[in-house]
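Coordinates as given in data15.txt (compact mmCIF, C-alpha atoms):
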```
# COMPACT_ATOMS: atom_id res chain seq x y z
CA MET W 248 38.57 26.77 -96.29
CA PRO W 249 38.45 24.37 -99.23
CA GLU W 250 34.67 24.35 -99.70
CA VAL W 251 34.48 28.15 -99.66
CA TYR W 252 37.25 28.24 -102.27
CA LYS W 253 35.34 25.74 -104.45
CA THR W 254 32.26 27.95 -104.23
CA ILE W 255 34.26 31.03 -105.25
CA LEU W 256 35.77 29.12 -108.19
CA ARG W 257 32.32 27.97 -109.33
CA TYR W 258 31.00 31.54 -109.43
CA ALA W 259 34.23 32.91 -110.94
CA GLU W 260 33.90 30.49 -113.89
CA LYS W 261 30.77 32.41 -114.88
CA ASP W 262 31.86 35.90 -113.78
CA LYS W 263 35.52 36.90 -113.37
CA ALA W 264 34.40 40.01 -111.42
CA VAL W 265 33.82 37.66 -108.46
CA TRP W 266 37.55 37.84 -107.66
CA GLY W 267 37.35 41.61 -107.17
CA ILE W 268 34.19 41.28 -105.08
CA VAL W 269 35.90 38.73 -102.82
CA ARG W 270 38.97 40.97 -102.47
CA MET W 271 36.81 43.90 -101.41
CA GLY W 272 35.22 41.80 -98.66
CA LEU W 273 38.60 40.49 -97.54
CA THR W 274 39.86 44.05 -97.12
CA GLY W 275 36.97 44.80 -94.78
CA ARG W 276 34.41 46.45 -97.07
CA PRO W 277 30.92 45.35 -95.97
CA ASP W 278 28.28 43.99 -98.34
CA PHE W 279 30.69 42.31 -100.77
CA PHE W 280 31.95 38.95 -99.40
CA TRP W 281 31.63 36.96 -96.19
CA ALA W 282 32.35 33.27 -95.55
CA CYS W 283 32.83 30.78 -92.76
CA GLU W 284 34.05 27.20 -92.67
CA GLY W 285 35.41 25.02 -89.90
CA GLY W 286 35.30 27.81 -87.35
CA GLU W 287 37.17 30.31 -89.55
CA VAL W 288 35.41 33.50 -90.66
CA VAL W 289 36.66 35.81 -93.43
CA GLY W 290 35.34 38.88 -95.19
CA ALA W 291 33.05 41.59 -93.89
CA PRO W 292 29.39 41.30 -92.83
CA PHE W 293 26.49 42.11 -95.10
CA THR W 294 24.68 45.11 -93.65
CA ARG W 295 22.16 45.77 -96.43
CA PHE W 296 21.26 42.14 -97.17
CA ALA W 297 17.46 41.92 -97.00
CA ARG W 298 17.50 38.21 -96.15
CA ALA W 299 20.32 38.24 -93.57
CA VAL W 300 17.96 37.37 -90.70
CA GLU W 301 16.60 34.41 -92.66
CA VAL W 302 20.12 33.17 -93.46
CA SER W 303 21.16 33.57 -89.80
CA ARG W 304 18.17 31.56 -88.61
CA LEU W 305 18.85 28.76 -91.09
CA MET W 306 22.51 28.62 -90.04
CA ALA W 307 21.55 28.41 -86.37
CA ARG W 308 18.75 25.89 -86.88
CA PHE W 309 20.41 23.45 -89.24
CA GLY W 310 24.11 24.13 -88.81
CA CYS W 311 26.35 24.68 -91.80
CA ALA W 312 29.62 23.08 -92.83
CA HIS W 313 30.40 26.25 -94.76
CA VAL W 314 28.73 29.46 -95.88
CA CYS W 315 29.93 31.69 -98.71
CA MET W 316 28.10 34.92 -99.52
CA ILE W 317 29.18 36.89 -102.60
CA ALA W 318 27.32 40.09 -103.51
CA GLY W 319 25.04 39.59 -106.49
CA HIS W 320 25.68 35.84 -106.78
CA GLY W 321 23.91 32.76 -105.55
CA ASP W 322 20.37 31.62 -104.87
CA LEU W 323 19.61 34.38 -102.37
CA GLY W 324 21.03 37.18 -104.48
CA GLY W 325 22.97 40.06 -103.05
CA SER W 326 20.48 42.85 -102.56
```
Structure translated into structure tokens:
Amino acid sequence: MPEVYKTILRYAEKDKAVWGIVRMGLTGRPDFFWACEGGEVVGAPFTRFARAVEVSRLMARFGCAHVCMIAGHGDLGGS
């Protein structure tokens, strides 16, 4: 998952707490970190993400090479 890793690195340059957030998602805690790339999926789903339906529709409509959701980071935010 090289593109997901690049995304994590980009956010971690600005906020080292990203590593802990990613770890929480990788251990199965929802609403912290979820990613997919090349058919692989890691992390836990976002259950309280207000824009999850919108993101799902965009992924289905346009397709995505990779998706990386980190709580509190990115253009869509994490609330």
Could you tell me which of W:Ala282, W:Ile268, W:Val289, W:Ala297 comes closest to Ala312 in chain W if we count only C-alpha atoms?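 Using only C-alpha atoms, the shortest distance to Ala312 in chain W belongs to W:Ala282.
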Counting only C-alpha atoms, which residues sit no farther than 12 Å from the position (38.2, 26.2, -102.7) in the file's frame? I'd like them as a ChimeraX atom specification. /W:248-259,282,284,313,315
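When only C-alpha atoms are used to measure the gap to Phe296 in chain W, the shortest distance among W:Val314, W:Arg276, W:Arg308, W:Gly319 belongs to W:Gly319.
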I need the residue nearest Phe280 in chain W from this list: W:Val302, W:Lys263, W:Ala307, W:Thr294. Use all atoms listed in the file for the distance.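 Between W:Val302, W:Lys263, W:Ala307, W:Thr294, the residue approaching Phe280 in chain W most closely is W:Thr294.
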May I ask for the distance between CA of Phe279 in chain W and CA of Ala299 in chain W, given in Å to one decimal place? 13.3 Å
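Distance check against Ala291 in chain W using all atoms listed in the file: of W:Ser303, W:Cys311, W:Glu260, W:Ile317, the minimum falls on W:Ile317.
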